[in-house]
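Quick look at final_16.cif (mmCIF, C-alpha atoms):
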```
data_target
#
loop_
_atom_site.label_atom_id
_atom_site.label_comp_id
_atom_site.auth_asym_id
_atom_site.auth_seq_id
_atom_site.Cartn_x
_atom_site.Cartn_y
_atom_site.Cartn_z
CA MET D 216 0.00 0.00 0.00
CA LYS D 217 2.92 2.35 -0.59
CA GLN D 218 1.24 4.11 -3.51
CA ILE D 219 0.00 6.96 -1.29
CA LEU D 220 0.18 10.39 -2.92
CA VAL D 221 -2.43 12.35 -1.01
CA LEU D 222 -4.10 11.54 2.30
CA PHE D 223 -7.41 12.77 3.54
CA SER D 224 -8.08 13.27 7.23
CA ILE D 225 -10.94 14.85 9.17
CA GLY D 226 -12.31 16.54 6.09
CA MET D 227 -9.00 18.25 5.14
CA TRP D 228 -6.27 17.44 2.63
CA ILE D 229 -2.99 16.89 4.44
CA THR D 230 -0.54 16.58 1.55
CA PRO D 231 2.44 17.83 3.65
CA TYR D 232 2.32 14.56 5.58
CA ALA D 233 2.01 12.13 2.66
CA ARG D 234 5.78 11.86 2.12
CA GLU D 235 6.38 11.47 5.87
CA ILE D 236 4.11 8.40 5.97
CA GLU D 237 5.76 6.95 2.88
CA GLN D 238 9.23 7.37 4.36
CA ASN D 239 8.57 6.78 8.03
CA SER D 240 5.37 7.38 9.99
CA LEU D 241 2.97 10.08 11.12
CA ASN D 242 2.40 10.60 14.83
CA GLY D 243 -0.81 11.82 16.37
CA ARG D 244 -3.71 11.07 18.70
CA THR D 245 -7.24 9.77 18.52
CA THR D 246 -9.93 12.42 18.47
CA GLY D 247 -13.64 12.86 17.91
CA ARG D 248 -16.66 10.95 19.19
CA LEU D 249 -16.25 7.23 19.88
CA PRO D 250 -13.05 6.46 17.94
CA TYR D 251 -12.53 2.78 17.21
CA LEU D 252 -10.08 0.35 15.63
CA GLU D 253 -10.85 -2.14 12.86
CA TYR D 254 -8.96 -5.37 12.23
CA GLY D 255 -8.58 -4.83 8.49
CA LEU D 256 -10.02 -3.31 5.33
CA GLY D 257 -12.81 -5.85 4.90
CA ASP D 258 -16.21 -4.20 4.67
CA ASP D 259 -19.92 -4.90 4.34
CA ARG D 260 -23.13 -2.98 4.99
CA LEU D 261 -22.33 -2.89 8.73
CA GLY D 262 -18.75 -1.69 8.16
CA GLY D 263 -15.47 -3.42 8.86
CA ALA D 264 -15.00 -5.87 11.74
CA ARG D 265 -14.17 -3.78 14.80
CA MET D 266 -11.47 -4.50 17.34
CA GLY D 267 -13.18 -2.13 19.76
CA TYR D 268 -13.70 1.45 20.87
CA LEU D 269 -10.87 3.66 22.15
CA ASP D 270 -10.63 6.66 24.41
CA THR D 271 -9.61 10.03 22.94
CA ALA D 272 -6.08 11.49 22.95
CA ILE D 273 -4.45 8.07 22.64
CA ALA D 274 -1.03 8.11 20.97
CA VAL D 275 -1.05 6.38 17.57
CA ARG D 276 1.57 5.93 14.87
CA ILE D 277 0.22 6.04 11.30
CA ILE D 278 2.16 3.95 8.77
CA ASP D 279 -0.19 3.80 5.79
CA SER D 280 -3.49 4.93 4.33
CA ALA D 281 -6.33 3.39 2.35
CA GLY D 282 -9.65 5.05 1.53
CA SER D 283 -11.18 6.56 4.66
CA ASP D 284 -8.83 4.76 7.08
CA PHE D 285 -5.30 5.09 8.42
CA LYS D 286 -3.20 2.04 9.22
CA VAL D 287 -1.95 2.15 12.81
CA LYS D 288 1.17 0.37 14.06
CA LEU D 289 0.15 -0.97 17.46
CA SER D 290 3.29 -2.96 18.22
CA ALA D 291 6.07 -4.77 16.38
CA ASN D 292 3.68 -7.49 15.21
CA HIS D 293 0.24 -5.87 15.35
CA THR D 294 -1.55 -3.29 13.22
CA ALA D 295 -5.12 -2.01 12.95
CA TRP D 296 -7.13 0.58 11.01
CA LEU D 297 -8.46 3.85 12.41
CA PRO D 298 -11.03 6.11 10.67
CA LYS D 299 -9.28 9.25 9.42
CA ARG D 300 -11.93 11.42 11.05
CA ASN D 301 -10.71 10.08 14.42
CA PHE D 302 -7.08 11.16 13.99
CA ARG D 303 -5.29 14.45 14.59
CA VAL D 304 -1.62 15.14 13.95
CA ASP D 305 0.54 15.83 17.01
CA THR D 306 4.00 17.02 15.90
CA SER D 307 5.18 17.13 19.52
CA LEU D 308 4.65 13.38 19.94
CA ASN D 309 7.82 11.29 19.62
CA PHE D 310 7.43 7.57 20.21
CA ARG D 311 9.95 5.89 22.49
CA ASP D 312 11.56 2.53 21.86
CA PHE D 313 9.50 1.13 24.75
CA TYR D 314 6.97 2.17 27.39
CA LEU D 315 6.66 0.73 30.89
CA SER D 316 3.80 -0.27 33.16
CA SER D 317 3.98 0.67 36.81
CA SER D 318 1.92 0.05 39.96
CA TRP D 319 -1.71 -1.08 39.99
CA SER D 320 -4.64 -0.46 42.32
CA VAL D 321 -7.71 -2.70 42.50
CA PHE D 322 -10.80 -1.63 44.47
CA GLY D 323 -14.58 -1.26 44.35
CA ASP D 324 -17.41 1.11 45.17
CA GLU D 325 -21.19 0.59 45.43
CA LYS D 326 -21.67 -0.34 41.75
CA TYR D 327 -18.31 -1.00 40.05
CA ASP D 328 -14.93 -2.60 40.59
CA TYR D 329 -11.84 -0.86 39.20
CA VAL D 330 -8.41 -1.88 37.97
CA LYS D 331 -6.10 1.10 37.49
CA VAL D 332 -2.70 0.69 35.84
CA SER D 333 -0.12 3.48 35.66
CA LEU D 334 1.63 3.84 32.28
CA ASP D 335 4.14 6.18 30.64
CA GLU D 336 1.72 7.16 27.86
CA ARG D 337 -1.90 6.80 26.71
CA LEU D 338 -1.45 3.82 24.38
CA PRO D 339 -3.94 1.75 22.31
CA TYR D 340 -5.67 -1.27 23.81
CA ARG D 341 -8.30 -3.88 23.10
CA SER D 342 -10.58 -5.77 25.48
CA ILE D 343 -11.98 -9.28 25.16
CA GLN D 344 -14.64 -11.16 27.10
CA GLN D 345 -14.03 -14.83 27.91
CA ILE D 346 -16.35 -17.43 29.40
CA ASN D 347 -15.89 -20.74 31.25
CA PRO D 348 -14.21 -19.29 33.27
CA SER D 349 -15.60 -15.78 33.10
CA ARG D 350 -12.88 -13.15 32.68
CA ILE D 351 -11.92 -9.91 30.97
CA ILE D 352 -8.73 -9.63 28.94
CA VAL D 353 -7.18 -6.24 28.14
CA ASP D 354 -4.16 -6.05 25.84
CA ILE D 355 -2.15 -2.81 25.90
CA PHE D 356 0.03 -2.34 22.84
CA GLY D 357 3.53 -0.91 23.09
CA VAL D 358 3.99 -1.68 26.81
CA THR D 359 6.63 -3.73 28.62
CA SER D 360 6.00 -4.75 32.20
CA ASN D 361 7.67 -2.94 35.05
CA THR D 362 4.82 -3.76 37.45
CA ASN D 363 6.21 -4.97 40.75
CA TRP D 364 3.14 -4.61 42.96
CA ILE D 365 -0.65 -4.76 42.63
CA THR D 366 -2.54 -3.25 45.57
CA GLN D 367 -5.90 -5.02 46.05
CA LEU D 368 -8.61 -3.93 48.47
CA LYS D 369 -11.44 -5.99 49.97
CA THR D 370 -13.99 -3.54 48.55
CA VAL D 371 -14.10 -5.45 45.24
CA LYS D 372 -17.27 -7.51 44.69
CA GLU D 373 -16.94 -8.83 41.12
CA ILE D 374 -13.19 -9.33 40.69
CA SER D 375 -11.74 -12.56 42.08
CA ASN D 376 -8.19 -12.35 40.67
CA VAL D 377 -6.06 -9.84 38.75
CA TYR D 378 -2.72 -10.62 37.12
CA TYR D 379 -0.76 -10.04 33.92
CA GLU D 380 1.29 -11.69 31.19
CA GLN D 381 3.91 -10.23 28.86
CA LEU D 382 2.61 -11.79 25.63
CA GLU D 383 5.28 -10.18 23.46
CA ASP D 384 8.07 -7.70 24.14
CA ASP D 385 5.60 -4.87 23.51
CA VAL D 386 2.17 -6.41 24.22
CA PHE D 387 1.11 -6.34 27.87
CA ARG D 388 -1.94 -8.42 28.85
CA ILE D 389 -4.13 -7.80 31.90
CA ILE D 390 -6.27 -10.74 33.05
CA ILE D 391 -9.25 -10.15 35.34
CA ASP D 392 -11.08 -13.20 36.69
CA LEU D 393 -14.73 -12.60 37.62
CA ARG D 394 -16.76 -14.13 40.43
CA HIS D 395 -19.93 -14.64 38.38
CA SER D 396 -20.47 -16.47 35.13
CA GLN D 397 -22.47 -13.61 33.61
CA HIS D 398 -20.65 -10.54 32.27
CA TRP D 399 -22.49 -7.42 33.41
CA GLY D 400 -20.29 -5.06 31.43
CA HIS D 401 -16.99 -3.23 31.53
CA SER D 402 -15.41 -0.10 30.09
CA VAL D 403 -11.81 0.91 29.42
CA TYR D 404 -10.58 4.51 29.49
CA TYR D 405 -7.75 6.74 30.66
CA GLU D 406 -7.35 9.09 33.61
CA LYS D 407 -4.37 11.07 32.36
CA ASN D 408 -1.79 8.30 31.74
CA ARG D 409 -3.48 5.77 34.00
CA LEU D 410 -5.53 3.06 32.27
CA VAL D 411 -8.81 2.32 34.04
CA ILE D 412 -10.85 -0.86 33.61
CA ARG D 413 -14.26 -0.38 35.21
CA ILE D 414 -16.25 -3.58 35.81
CA LYS D 415 -19.97 -3.65 36.57
CA GLN D 416 -20.83 -5.68 39.65
CA GLN D 417 -23.65 -8.21 39.40
CA PRO D 418 -26.81 -6.65 40.91
CA ALA D 419 -27.55 -7.88 44.41
CA ARG D 420 -31.17 -8.70 43.51
CA LEU D 421 -31.70 -10.38 40.16
CA LYS D 422 -35.28 -9.32 39.55
CA LEU D 423 -36.81 -7.08 36.91
CA ARG D 424 -37.94 -4.52 39.48
CA ASN D 425 -34.31 -3.98 40.50
CA LEU D 426 -33.00 -3.34 36.98
CA LYS D 427 -32.80 -0.38 34.63
CA ILE D 428 -33.57 -1.61 31.12
CA ALA D 429 -32.91 0.47 28.01
CA ILE D 430 -35.09 -0.06 24.94
CA ASP D 431 -34.02 1.08 21.49
CA ALA D 432 -36.60 1.34 18.72
CA GLY D 433 -34.58 0.80 15.54
CA HIS D 434 -34.28 3.49 12.88
CA GLY D 435 -36.51 6.60 13.01
CA GLY D 436 -36.85 9.99 11.36
CA ASP D 437 -34.98 10.15 8.06
CA ASN D 438 -33.91 6.50 8.46
CA SER D 439 -37.04 4.47 7.73
CA GLY D 440 -35.35 1.05 7.65
CA ALA D 441 -36.95 -1.79 5.70
CA THR D 442 -40.29 -1.57 3.89
CA GLY D 443 -43.11 -4.11 3.91
CA ILE D 444 -43.66 -6.40 0.94
CA SER D 445 -47.35 -5.66 0.42
CA GLY D 446 -48.45 -2.85 2.69
CA ALA D 447 -45.39 -0.59 2.19
CA ILE D 448 -45.21 -0.17 5.95
CA LYS D 449 -42.01 1.25 7.37
CA GLU D 450 -39.77 -0.52 9.84
CA LYS D 451 -39.21 2.62 11.91
CA ASP D 452 -42.93 2.92 12.70
CA TYR D 453 -43.41 -0.64 13.86
CA THR D 454 -40.21 -0.90 15.87
CA LEU D 455 -41.45 2.12 17.83
CA LEU D 456 -44.87 0.55 18.39
CA MET D 457 -43.28 -2.66 19.68
CA ALA D 458 -40.77 -0.76 21.80
CA GLN D 459 -43.60 1.19 23.41
CA GLN D 460 -45.43 -2.05 24.18
CA LEU D 461 -42.26 -3.48 25.73
CA GLU D 462 -41.90 -0.34 27.82
CA LYS D 463 -45.46 -0.80 29.13
CA GLU D 464 -44.86 -4.48 29.90
CA LEU D 465 -41.58 -3.88 31.73
CA ARG D 466 -42.99 -0.98 33.73
CA LYS D 467 -45.93 -3.21 34.68
CA ARG D 468 -43.35 -5.66 36.03
CA LYS D 469 -41.80 -2.79 38.04
CA ALA D 470 -38.59 -2.39 36.00
CA THR D 471 -37.07 1.05 35.42
CA VAL D 472 -37.12 1.78 31.68
CA PHE D 473 -35.17 4.17 29.47
CA MET D 474 -36.20 4.71 25.83
CA THR D 475 -33.69 5.97 23.25
CA ARG D 476 -36.61 7.41 21.28
CA THR D 477 -40.33 7.79 21.93
CA THR D 478 -41.27 9.58 18.68
CA ASP D 479 -40.37 9.42 14.98
CA THR D 480 -37.08 11.24 15.35
CA SER D 481 -33.68 10.94 13.67
CA LEU D 482 -30.97 9.52 15.91
CA GLY D 483 -27.54 8.41 14.73
CA MET D 484 -25.66 5.47 16.19
CA ILE D 485 -23.15 7.73 17.93
CA GLU D 486 -25.95 9.72 19.58
CA ARG D 487 -27.66 6.54 20.76
CA THR D 488 -24.43 5.05 22.10
CA GLU D 489 -23.50 8.23 23.98
CA MET D 490 -27.03 8.46 25.36
CA LEU D 491 -26.85 4.89 26.64
CA ARG D 492 -23.42 5.38 28.18
CA ALA D 493 -24.75 8.37 30.09
CA GLU D 494 -27.81 6.42 31.32
CA GLU D 495 -25.76 3.39 32.47
CA PRO D 496 -28.54 0.79 32.01
CA ASP D 497 -28.25 -2.75 33.34
CA LEU D 498 -29.08 -4.07 29.88
CA LEU D 499 -30.26 -2.98 26.43
CA ILE D 500 -32.90 -4.43 24.10
CA SER D 501 -32.83 -3.09 20.52
CA ILE D 502 -35.88 -3.88 18.38
CA HIS D 503 -35.71 -4.25 14.61
CA LEU D 504 -37.58 -5.89 11.72
CA ASN D 505 -35.72 -8.03 9.21
CA SER D 506 -35.82 -8.09 5.42
CA SER D 507 -34.55 -10.36 2.66
CA SER D 508 -34.31 -10.30 -1.12
CA ARG D 509 -36.22 -13.63 -1.07
CA ASP D 510 -39.81 -13.36 0.10
CA SER D 511 -39.79 -16.98 1.29
CA VAL D 512 -37.35 -16.16 4.14
CA LYS D 513 -39.14 -15.70 7.45
CA GLY D 514 -38.68 -16.05 11.18
CA THR D 515 -37.29 -14.43 14.30
CA SER D 516 -33.69 -14.00 15.44
CA THR D 517 -31.54 -12.44 18.16
CA TYR D 518 -28.05 -10.96 17.92
CA TYR D 519 -25.05 -10.28 20.13
CA ARG D 520 -21.49 -9.05 19.54
CA HIS D 521 -19.61 -10.13 22.69
CA ILE D 522 -19.66 -13.74 23.90
CA GLY D 523 -20.34 -12.75 27.50
CA PHE D 524 -23.70 -11.30 26.45
CA ARG D 525 -24.91 -14.34 24.52
CA PRO D 526 -27.01 -15.89 27.35
CA LEU D 527 -29.44 -12.94 27.29
CA SER D 528 -29.95 -13.24 23.53
CA ARG D 529 -30.52 -17.00 23.77
CA SER D 530 -33.15 -16.67 26.48
CA ILE D 531 -35.07 -14.05 24.51
CA LEU D 532 -34.95 -16.14 21.32
CA GLU D 533 -36.38 -19.16 23.16
CA ARG D 534 -39.35 -17.07 24.29
CA MET D 535 -39.85 -15.49 20.85
CA LEU D 536 -40.20 -18.98 19.38
CA ASP D 537 -43.22 -19.50 21.68
CA LEU D 538 -45.06 -17.19 19.27
CA GLY D 539 -44.92 -19.86 16.56
CA LEU D 540 -42.36 -17.96 14.52
CA LYS D 541 -39.78 -19.87 12.52
CA GLU D 542 -36.28 -19.83 14.00
CA TYR D 543 -33.87 -17.71 11.97
CA GLY D 544 -31.14 -18.11 14.58
CA ASN D 545 -29.03 -16.70 17.37
CA ILE D 546 -26.32 -14.69 15.61
CA GLY D 547 -23.00 -13.86 17.27
CA SER D 548 -20.15 -11.44 16.52
CA PHE D 549 -22.77 -9.12 15.03
CA ASN D 550 -21.12 -5.88 13.93
CA PHE D 551 -24.09 -3.60 14.63
CA SER D 552 -23.14 -0.34 16.34
CA LEU D 553 -25.37 -0.81 19.40
CA SER D 554 -24.06 -4.38 19.84
CA GLY D 555 -20.49 -3.06 20.09
CA PRO D 556 -20.43 -1.41 23.54
CA THR D 557 -19.13 -3.61 26.36
CA GLU D 558 -20.66 -1.56 29.18
CA TYR D 559 -23.91 -3.57 29.53
CA PRO D 560 -25.45 -6.82 28.27
CA ASN D 561 -27.35 -6.14 25.07
CA CYS D 562 -29.55 -8.02 22.65
CA LEU D 563 -30.84 -7.00 19.23
CA VAL D 564 -34.17 -8.64 18.38
CA GLU D 565 -35.15 -8.97 14.72
CA VAL D 566 -38.80 -9.73 15.44
CA ALA D 567 -39.80 -11.02 11.99
CA PHE D 568 -39.38 -10.36 8.26
CA LEU D 569 -41.16 -7.44 6.60
CA SER D 570 -40.28 -9.04 3.25
CA ASN D 571 -42.40 -12.12 3.99
CA LYS D 572 -46.20 -11.91 3.68
CA ASP D 573 -46.95 -14.13 6.67
CA ASP D 574 -44.53 -12.29 8.94
CA GLU D 575 -45.66 -8.89 7.65
CA ARG D 576 -49.27 -9.73 8.50
CA LEU D 577 -48.24 -10.44 12.07
CA ILE D 578 -46.11 -7.29 12.29
CA MET D 579 -49.13 -5.15 11.38
CA ASN D 580 -51.28 -6.67 14.15
CA PRO D 581 -51.35 -4.72 17.48
CA LYS D 582 -52.13 -7.95 19.37
CA PHE D 583 -48.87 -9.37 18.06
CA HIS D 584 -46.99 -6.31 19.41
CA ARG D 585 -48.28 -7.06 22.90
CA LYS D 586 -47.29 -10.72 22.58
CA VAL D 587 -43.78 -9.76 21.45
CA ALA D 588 -43.40 -7.43 24.43
CA ASP D 589 -44.58 -10.16 26.80
CA ARG D 590 -42.18 -12.75 25.35
CA ILE D 591 -39.16 -10.44 25.47
CA ALA D 592 -39.94 -9.58 29.10
CA ASP D 593 -40.29 -13.31 29.87
CA GLY D 594 -36.95 -13.95 28.15
CA ILE D 595 -35.22 -11.39 30.37
CA LYS D 596 -36.89 -12.97 33.43
CA ASP D 597 -35.73 -16.45 32.36
CA TRP D 598 -32.18 -15.15 31.94
CA LEU D 599 -32.21 -13.68 35.44
CA LYS D 600 -33.48 -16.95 36.89
CA GLN D 601 -30.57 -18.82 35.33
CA LEU D 602 -28.16 -16.50 37.15
CA ARG D 603 -29.60 -16.97 40.62
#
```
Can you give me the file's structure in the form of structure tokens?
Amino acid sequence: MKQILVLFSIGMWITPYAREIEQNSLNGRTTGRLPYLEYGLGDDRLGGARMGYLDTAIAVRIIDSAGSDFKVKLSANHTAWLPKRNFRVDTSLNFRDFYLSSSWSVFGDEKYDYVKVSLDERLPYRSIQQINPSRIIVDIFGVTSNTNWITQLKTVKEISNVYYEQLEDDVFRIIIDLRHSQHWGHSVYYEKNRLVIRIKQQPARLKLRNLKIAIDAGHGGDNSGATGISGAIKEKDYTLLMAQQLEKELRKRKATVFMTRTTDTSLGMIERTEMLRAEEPDLLISIHLNSSSRDSVKGTSTYYRHIGFRPLSRSILERMLDLGLKEYGNIGSFNFSLSGPTEYPNCLVEVAFLSNKDDERLIMNPKFHRKVADRIADGIKDWLKQLR
């Protein structure tokens, strides 16, 4: 990919830096709203496969360019791709040959446990959920261990063990073992040059009335989504109707509910994600309607991105099948924007297919909306029972 002549970043031509990338590298930092890394240049309608979100002002070294992305050198053996809109040049930034980790602190408060690791610089990272046993893995790129003590306090409630491995000379891995099998969410960010891993504790009472549940009605406003095969109905209208029914059902069961939208309004994925981060729900249900180029395809399906959140999606699918709908499947590693956050368990429900006449007929029926709401609520209840 060394045929770069002109690079485009954040809406501006930056020709003075093209030769620098060709000959060496371009140093800068992440910027903008919800920057993220992608594994490669593969793409589909949902975008490229994402490694994960990053904090802002993280030091990155650009070594190449392709289309709307910059290639980032994470370590000697690892690279990723960063959207150009999420990069700003920092001419004062000079990368060292190595960066060191220092002391750690591990503690908890009323809602979260924390792992805080002191570093020389704000460097890129990725986080991974693992199950059986349940743990969180965080890899920090460009770091060599100089950690000689980890201070752990009894205030933690979710963390059972914390330790590290030096995977490569410049890849530092943090391993956090969890007490419970279910992942309740985590986030990774920086406080100055200190990396913070915040881990949600399992709620003390696993009942609907003790949870805050976010509901997202897919699409809306200028994004109408799919269209019906015979009635020309719009996805955005019926996802809202079903979301409102789910809100009623969950409130009837004493849950606290937050809606990303309650009217036909335009909301981007970044706005929804930021809204949800601010609300800190215990879980998210996103409601959509499916569509296919073949009108014979029908059925219901649920989706998750992170393996630790799969149990919720499986429980909801089992209940949705009680409606007599054909099973379209439980789909993992789904690259939908609202499935990407790690802060809370989340499940996208594709209720049925607008492109199938039988499914469309159900979708248009208000009685079906109430049944869908009841089954999703039952699925959440079943999931909670499994955790007790």
Pick from D:His398, D:Ser570, D:Arg466, D:Glu489 nearest to D:Ile522, counting all atoms listed in the file: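 When distances to D:Ile522 are compared using all atoms listed in the file, the smallest one comes from D:His398.
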With only C-alpha atoms as the counted atoms, please give the residues lying no more than 12 Å from D:Leu249, apart from itself and same-chain residues fewer than 3 positions off, as a PyMOL selection string. chain D and resi 245-246+252+267-272+297-298+300-302+404+484-489+492+552+555-556
Write to file, as a short mmCIF file (atom, residue, chain, number, x, y, z; two decimals), in the frame of the given file, the residues of the selection just made, with C-alpha atoms.
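Writing done, so here's out.cif:
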```cif
data_model
loop_
_atom_site.label_atom_id
_atom_site.label_comp_id
_atom_site.auth_asym_id
_atom_site.auth_seq_id
_atom_site.Cartn_x
_atom_site.Cartn_y
_atom_site.Cartn_z
CA THR D 245 -7.24 9.77 18.52
CA THR D 246 -9.93 12.42 18.47
CA LEU D 252 -10.08 0.35 15.63
CA GLY D 267 -13.18 -2.13 19.76
CA TYR D 268 -13.70 1.45 20.87
CA LEU D 269 -10.87 3.66 22.15
CA ASP D 270 -10.63 6.66 24.41
CA THR D 271 -9.61 10.03 22.94
CA ALA D 272 -6.08 11.49 22.95
CA LEU D 297 -8.46 3.85 12.41
CA PRO D 298 -11.03 6.11 10.67
CA ARG D 300 -11.93 11.42 11.05
CA ASN D 301 -10.71 10.08 14.42
CA PHE D 302 -7.08 11.16 13.99
CA TYR D 404 -10.58 4.51 29.49
CA MET D 484 -25.66 5.47 16.19
CA ILE D 485 -23.15 7.73 17.93
CA GLU D 486 -25.95 9.72 19.58
CA ARG D 487 -27.66 6.54 20.76
CA THR D 488 -24.43 5.05 22.10
CA GLU D 489 -23.50 8.23 23.98
CA ARG D 492 -23.42 5.38 28.18
CA SER D 552 -23.14 -0.34 16.34
CA GLY D 555 -20.49 -3.06 20.09
CA PRO D 556 -20.43 -1.41 23.54
#
```
Grab the atom CA of D:Lys331 to atom CA of D:Ile343 distance for me, in Å with one decimal place. 17.2 Å
Identify which of the residues D:Leu482, D:Ile578, D:Cys562, D:Ala441 lies closest to D:Gly547, counting all atoms listed in the file when measuring atom-to-atom distances. D:Cys562
Once you add 4 Å to each side, what are the centre and edge lengths of the axis-aligned box holding all listed atoms of stretch 289-293 of chain D? One decimal in Å, as lines of an AutoDock Vina configuration file, if you can.
```
center_x = 3.1
center_y = -4.2
center_z = 16.7
size_x = 13.9
size_y = 14.5
size_z = 11.0
```
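Residues in contact with D:Leu382 at 10 Å, where only C-alpha atoms are counted and same-chain residues fewer than 6 positions away are skipped, are listed as Asp354, Thr359 and Arg388 of chain D.
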Can you tell me how far atom CA of D:Asp497 sits from atom CA of D:Glu406, in Å to one decimal? 24.0 Å
Option closest in space to D:Asp589, from D:Asn425, D:Gln344, D:Lys541, D:Met457 [counting all atoms listed in the file]: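 Ranking D:Asn425, D:Gln344, D:Lys541, D:Met457 by distance to D:Asp589, first place goes to D:Met457.
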Identify the residues around (11.2, 4.3, 24.2) within a radius of 12 Å, measuring from all atoms listed in the file in the coordinates stated by the file, and give them as a PyMOL selection string. chain D and resi 308-315+335-336+357-359+385
Near D:Tyr329, within 10 Å and counting only C-alpha atoms, which residues show up once chain neighbours fewer than 2 positions away are dropped, as a PyMOL selection string? chain D and resi 320-324+327+331-332+367+370-371+373-374+401-403+411-415
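Pairwise distance (atom CA of D:Asn408, atom CA of D:Tyr379) equals 18.5 Å.
For D:Tyr543, the non-local neighbours within 8 Å, defined as residues at least 6 positions apart in the same chain or in other chains and counting all atoms listed in the file, are Lys513, Gly514, Thr515 and Ser516 of chain D.
With only C-alpha atoms as the atoms that count, the minimum distance from D:Thr442 to the choices D:Ile546, D:Asn242, D:Gly247, D:Thr454 is reached by D:Thr454.
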Here's the selection I'm unsure about, the PyMOL selection byres ((chain D and resi 426-430) around 9); applied to the file above, which residues does it give, as a PDB file with C-alpha atoms, in the coordinates of the input?
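expr37.pdb, written as the output of this step:
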```pdb
ATOM      1  CA  PRO D 418     -26.810  -6.650  40.910  1.00  0.00           C
ATOM      2  CA  ARG D 420     -31.170  -8.700  43.510  1.00  0.00           C
ATOM      3  CA  LEU D 421     -31.700 -10.380  40.160  1.00  0.00           C
ATOM      4  CA  LYS D 422     -35.280  -9.320  39.550  1.00  0.00           C
ATOM      5  CA  LEU D 423     -36.810  -7.080  36.910  1.00  0.00           C
ATOM      6  CA  ARG D 424     -37.940  -4.520  39.480  1.00  0.00           C
ATOM      7  CA  ASN D 425     -34.310  -3.980  40.500  1.00  0.00           C
ATOM      8  CA  ASP D 431     -34.020   1.080  21.490  1.00  0.00           C
ATOM      9  CA  ALA D 432     -36.600   1.340  18.720  1.00  0.00           C
ATOM     10  CA  ALA D 458     -40.770  -0.760  21.800  1.00  0.00           C
ATOM     11  CA  GLN D 459     -43.600   1.190  23.410  1.00  0.00           C
ATOM     12  CA  LEU D 461     -42.260  -3.480  25.730  1.00  0.00           C
ATOM     13  CA  GLU D 462     -41.900  -0.340  27.820  1.00  0.00           C
ATOM     14  CA  LEU D 465     -41.580  -3.880  31.730  1.00  0.00           C
ATOM     15  CA  LYS D 469     -41.800  -2.790  38.040  1.00  0.00           C
ATOM     16  CA  ALA D 470     -38.590  -2.390  36.000  1.00  0.00           C
ATOM     17  CA  THR D 471     -37.070   1.050  35.420  1.00  0.00           C
ATOM     18  CA  VAL D 472     -37.120   1.780  31.680  1.00  0.00           C
ATOM     19  CA  PHE D 473     -35.170   4.170  29.470  1.00  0.00           C
ATOM     20  CA  MET D 474     -36.200   4.710  25.830  1.00  0.00           C
ATOM     21  CA  THR D 475     -33.690   5.970  23.250  1.00  0.00           C
ATOM     22  CA  ARG D 476     -36.610   7.410  21.280  1.00  0.00           C
ATOM     23  CA  LEU D 491     -26.850   4.890  26.640  1.00  0.00           C
ATOM     24  CA  GLU D 494     -27.810   6.420  31.320  1.00  0.00           C
ATOM     25  CA  GLU D 495     -25.760   3.390  32.470  1.00  0.00           C
ATOM     26  CA  PRO D 496     -28.540   0.790  32.010  1.00  0.00           C
ATOM     27  CA  ASP D 497     -28.250  -2.750  33.340  1.00  0.00           C
ATOM     28  CA  LEU D 498     -29.080  -4.070  29.880  1.00  0.00           C
ATOM     29  CA  LEU D 499     -30.260  -2.980  26.430  1.00  0.00           C
ATOM     30  CA  ILE D 500     -32.900  -4.430  24.100  1.00  0.00           C
ATOM     31  CA  SER D 501     -32.830  -3.090  20.520  1.00  0.00           C
ATOM     32  CA  ILE D 502     -35.880  -3.880  18.380  1.00  0.00           C
TER      33      ILE D 502
END
```
Tell me, as a CSV table (one decimal) with C-alpha atoms, keeping the file's coordinate frame, which residues lie within 6 Å of D:Ala274, counting only C-alpha atoms; anything in the same chain fewer than 5 positions away does not count.
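Saved the output as out39.csv:
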```csv
chain,number,residue,atom,x,y,z
D,243,GLY,CA,-0.8,11.8,16.4
D,244,ARG,CA,-3.7,11.1,18.7
D,337,ARG,CA,-1.9,6.8,26.7
D,338,LEU,CA,-1.4,3.8,24.4
```
